[in-house]
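Q: Below you'll find the structure I mean.
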Protein chains: 2
Amino acid sequence: MRRDIFQAIADPTRRAILLLIASQAMTPNALAEHFDTSRQAVSKHLRILAECQLVKQKQSGREIYYQLEVSKMKQIDLWLEQFRKIWENRFNELDNVLLTLKNKKK
Amino acid sequence: MRRDIFQAIADPTRRAILLLIASQAMTPNALAEHFDTSRQAVSKHLRILAECQLVKQKQSGREIYYQLEVSKMKQIDLWLEQFRKIWENRFNELDNVLLTLKNKKK
DNA sequence: TACATTTGCAACCGATTGGTTTCATAATAA
DNA sequence: TTATTATGAAACCAATCGGTTGCAAATGTA
């Protein structure tokens with residue numbers, strides 16, 4: 001299976017599921033009502049999301065509530081952070097160039 | 001084809017490419033040296049990244065330099081922003097509950 | 001107990017994915 | 001000119017994806 005968060009959020013249905021359960025936990029049945037696909041298809045998506053720990057399950061009788069795992073979502077943010085750092089450095093280098101030019105003027 | 005950024009960053013090779021060209025533009029040949037796959041495979045990845053405008057090309061003679069399109073990367077950040085807002089609201093609601101409890105004490 | 005509900009799993013299927021090899025084109029070098 | 005280099009496109013292939021249907025297990029209700 002070998003799934004990771006980036007593969008998990010690649011599918012639009014899974015992104016929609018994450019958004020739905022972000023504000024409150026939901027059951028697979030309740031989630032399936034929001035999509036054109038079958039309940040089983042939604043169940044499969046939930047399995048993938050659970051595999052990479054983007055969601056956690058809470059059993060309540062025969063119902064299972066799926067909830068967003070916020071900490072895992074932040075892992076995507078962490079990946080983006082790499083790029084932010086590079087952009088900042090790029091701007092810093094630009095600053096240095098500008099400073100050098102400024103000093104040469106004197 | 002119908003590709004979007006989330007599908008684009010789902011592949012680990014493509015994420016590595018983005019990271020490599022984040023600091024400086026690179027040619028397909030130079031990029032391919034960093035991977036175990038063929039140059040053509042890297043070329044295919046670049047095509048996908050270009051299709052969803054995550055990279056832009058700069059021709060220089062017979063070489064083509066691929067460069068990261070920063071603005072497009074921020075679109076991923078924008079998607080994450082939705083979740084940040086929901087989390088903030090959740091905390092605000094918790095604040096309200098705590099405030100209500102506090103006021104009831106008086 | 002008998003029945004309905006909620007859920008996950010397995011088997012299957014067509015479409016897509018990421019890789020390969022081969023070929024064509026354009027720019028540079030000899 | 002001729003050869004070399006850099007690149008993209010096309011054809012093909014095994015593996016994976018996202019969907020379906022059917023079934024089994026567990027819980028709740030009559």
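Naming scheme: A, B, ... for chains in displayed order of the structure tokens; residues 1 onward per chain; ligands 1 onward as shown.
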Can you tell me which residues surround His34 (chain A) at a distance of at most 12 Å, considering only C-alpha atoms (C1' of nucleotides), apart from same-chain residues fewer than 4 positions away, and format the answer as a PDB file with C-alpha atoms, in the first residue's frame?

A:
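Heads up, here's the output in part.pdb:
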ATOM      1  CA  THR A  13     -12.957  13.446  -2.850  1.00  0.00           C
ATOM      2  CA  ARG A  14     -10.468  12.866  -0.042  1.00  0.00           C
ATOM      3  CA  ALA A  16     -13.468  17.219   0.439  1.00  0.00           C
ATOM      4  CA  ILE A  17     -13.762  14.594   3.190  1.00  0.00           C
ATOM      5  CA  LEU A  19     -12.693  19.602   4.869  1.00  0.00           C
ATOM      6  CA  LEU A  20     -16.022  18.140   5.987  1.00  0.00           C
ATOM      7  CA  ILE A  21     -14.629  16.469   9.086  1.00  0.00           C
ATOM      8  CA  MET A  26     -18.659  12.347  10.944  1.00  0.00           C
ATOM      9  CA  THR A  27     -19.674   8.749  10.198  1.00  0.00           C
ATOM     10  CA  PRO A  28     -18.985   7.124   6.789  1.00  0.00           C
ATOM     11  CA  ASN A  29     -22.726   7.062   6.080  1.00  0.00           C
ATOM     12  CA  ALA A  30     -23.131  10.757   6.806  1.00  0.00           C
ATOM     13  CA  SER A  38     -21.206   4.714  -3.042  1.00  0.00           C
ATOM     14  CA  ARG A  39     -20.742   4.371   0.714  1.00  0.00           C
ATOM     15  CA  VAL A  42     -16.109   6.656   0.712  1.00  0.00           C
TER      16      VAL A  42
END

Q: Please return, as a ChimeraX atom specification, all residues of chain A that DSSP assigns to helix (DSSP H, G or I) on the basis of the backbone.

A: /A:5-8,12-23,28-32,39-51,70-105

Q: Could you give me, as a Markdown table, every region 5-28 of chain D residue with an atom at most 12 Å from region 45-48 of chain A, plus its closest atom pair and distance in Å to one decimal, counting only C-alpha atoms (C1' of nucleotides), rows ordered by chain then number?

A:
| residue | atom | partner | partner_atom | distance |
| --- | --- | --- | --- | --- |
| D:DC17 | C1' | A:His45 | CA | 11.1 |
| D:DG18 | C1' | A:His45 | CA | 9.0 |
| D:DG19 | C1' | A:His45 | CA | 11.1 |

Q: Take the selection from the previous step and output its residues with N, CA and C atoms (P, O5', C5', C4', C3', O3' and C1' of nucleotides), as an mmCIF file, in the first residue's frame.

A:
data_model
loop_
_atom_site.group_PDB
_atom_site.id
_atom_site.type_symbol
_atom_site.label_atom_id
_atom_site.label_comp_id
_atom_site.auth_asym_id
_atom_site.auth_seq_id
_atom_site.Cartn_x
_atom_site.Cartn_y
_atom_site.Cartn_z
ATOM 1 P P DC D 17 -2.261 3.130 -5.504
ATOM 2 O "O5'" DC D 17 -3.435 3.616 -6.455
ATOM 3 C "C5'" DC D 17 -3.148 4.596 -7.452
ATOM 4 C "C4'" DC D 17 -4.446 5.163 -7.992
ATOM 5 C "C3'" DC D 17 -5.523 5.360 -6.940
ATOM 6 O "O3'" DC D 17 -6.150 6.614 -7.153
ATOM 7 C "C1'" DC D 17 -6.285 3.849 -8.624
ATOM 8 P P DG D 18 -7.038 7.232 -5.964
ATOM 9 O "O5'" DG D 18 -8.525 7.009 -6.476
ATOM 10 C "C5'" DG D 18 -8.930 7.561 -7.718
ATOM 11 C "C4'" DG D 18 -10.254 6.944 -8.113
ATOM 12 C "C3'" DG D 18 -11.288 6.923 -6.982
ATOM 13 O "O3'" DG D 18 -12.535 7.375 -7.490
ATOM 14 C "C1'" DG D 18 -10.997 4.755 -7.855
ATOM 15 P P DG D 19 -13.772 7.595 -6.503
ATOM 16 O "O5'" DG D 19 -14.764 6.390 -6.887
ATOM 17 C "C5'" DG D 19 -15.492 6.450 -8.101
ATOM 18 C "C4'" DG D 19 -15.818 5.059 -8.603
ATOM 19 C "C3'" DG D 19 -16.830 4.273 -7.770
ATOM 20 O "O3'" DG D 19 -18.152 4.645 -8.088
ATOM 21 C "C1'" DG D 19 -15.084 2.879 -8.644
#

Q: Could the residues of chain A that have an atom at most 6 Å from chain B be listed as a tab-separated table, each with its closest atom pair and the distance in Å to one decimal, counting only C-alpha atoms and ordered by chain and ascending residue number?

A:
residue	atom	partner	partner_atom	distance
A:Phe6	CA	B:Ala10	CA	4.7
A:Gln7	CA	B:Ala10	CA	4.6
A:Ala10	CA	B:Gln7	CA	4.6

Q: Dump C-alpha atoms for the selected residues as a PDB file, in the first residue's frame?

A:
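Below you can see out.pdb, which holds the result:
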ATOM      1  CA  PHE A   6       0.694  13.803  -0.429  1.00  0.00           C
ATOM      2  CA  GLN A   7      -0.824  10.869  -2.227  1.00  0.00           C
ATOM      3  CA  ALA A  10      -4.142  14.144  -4.336  1.00  0.00           C
TER       4      ALA A  10
END

Q: Specify as a VMD selection string all residues of chain A found within 9 Å of chain C, counting only C-alpha atoms (C1' of nucleotides).

A: chain A and resid 28 to 29 40 43 to 44 62 to 64

Q: In region 5-104 of chain B, what's strand (DSSP E or B) per DSSP? Answer as a list in words?

A: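 Everything in region 5-104 of chain B that counts as strand (DSSP E or B) is Met26, Val55, Lys56, Gln57, Lys58, Gln59, Ser60, Glu63, Ile64, Tyr65, Tyr66, Gln67 and Leu68 of chain B.
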
Q: Those residues you just picked out, can you put them in a file as a PDB file, in the first residue's frame with C-alpha atoms?

A:
ATOM      1  CA  MET B  26      18.014  23.646 -13.881  1.00  0.00           C
ATOM      2  CA  VAL B  55       7.348  25.452 -13.123  1.00  0.00           C
ATOM      3  CA  LYS B  56       8.186  27.781 -15.999  1.00  0.00           C
ATOM      4  CA  GLN B  57      10.698  27.249 -18.790  1.00  0.00           C
ATOM      5  CA  LYS B  58      13.423  29.513 -20.069  1.00  0.00           C
ATOM      6  CA  GLN B  59      15.037  28.595 -23.354  1.00  0.00           C
ATOM      7  CA  SER B  60      18.754  29.303 -23.684  1.00  0.00           C
ATOM      8  CA  GLU B  63      19.025  24.096 -23.260  1.00  0.00           C
ATOM      9  CA  ILE B  64      15.818  24.692 -21.366  1.00  0.00           C
ATOM     10  CA  TYR B  65      16.029  25.909 -17.809  1.00  0.00           C
ATOM     11  CA  TYR B  66      13.184  24.949 -15.508  1.00  0.00           C
ATOM     12  CA  GLN B  67      12.359  27.300 -12.692  1.00  0.00           C
ATOM     13  CA  LEU B  68       9.925  27.099  -9.790  1.00  0.00           C
TER      14      LEU B  68
END

Q: Taking a cut-off of 10 Å and counting only C-alpha atoms (C1' of nucleotides), can you build a table that, for each residue of chain D near chain B, reports the nearest atom pair and how far apart they are in Å (one decimal), sorted by chain then residue number, as a Markdown table?

A:
| residue | atom | partner | partner_atom | distance |
| --- | --- | --- | --- | --- |
| D:DT5 | C1' | B:Arg62 | CA | 8.6 |
| D:DA6 | C1' | B:Arg62 | CA | 5.9 |
| D:DT7 | C1' | B:Glu63 | CA | 7.6 |
| D:DG8 | C1' | B:Ser43 | CA | 7.6 |
| D:DA9 | C1' | B:Lys44 | CA | 9.9 |

Q: Extract, using only C-alpha atoms (C1' of nucleotides), all DNA, RNA and protein residues at most 6 Å from region 52-54 of chain B, discarding same-chain residues fewer than 3 positions from it, and format them as an NGL selection string.

A: :B and (4 or 49 or 69 or 72)
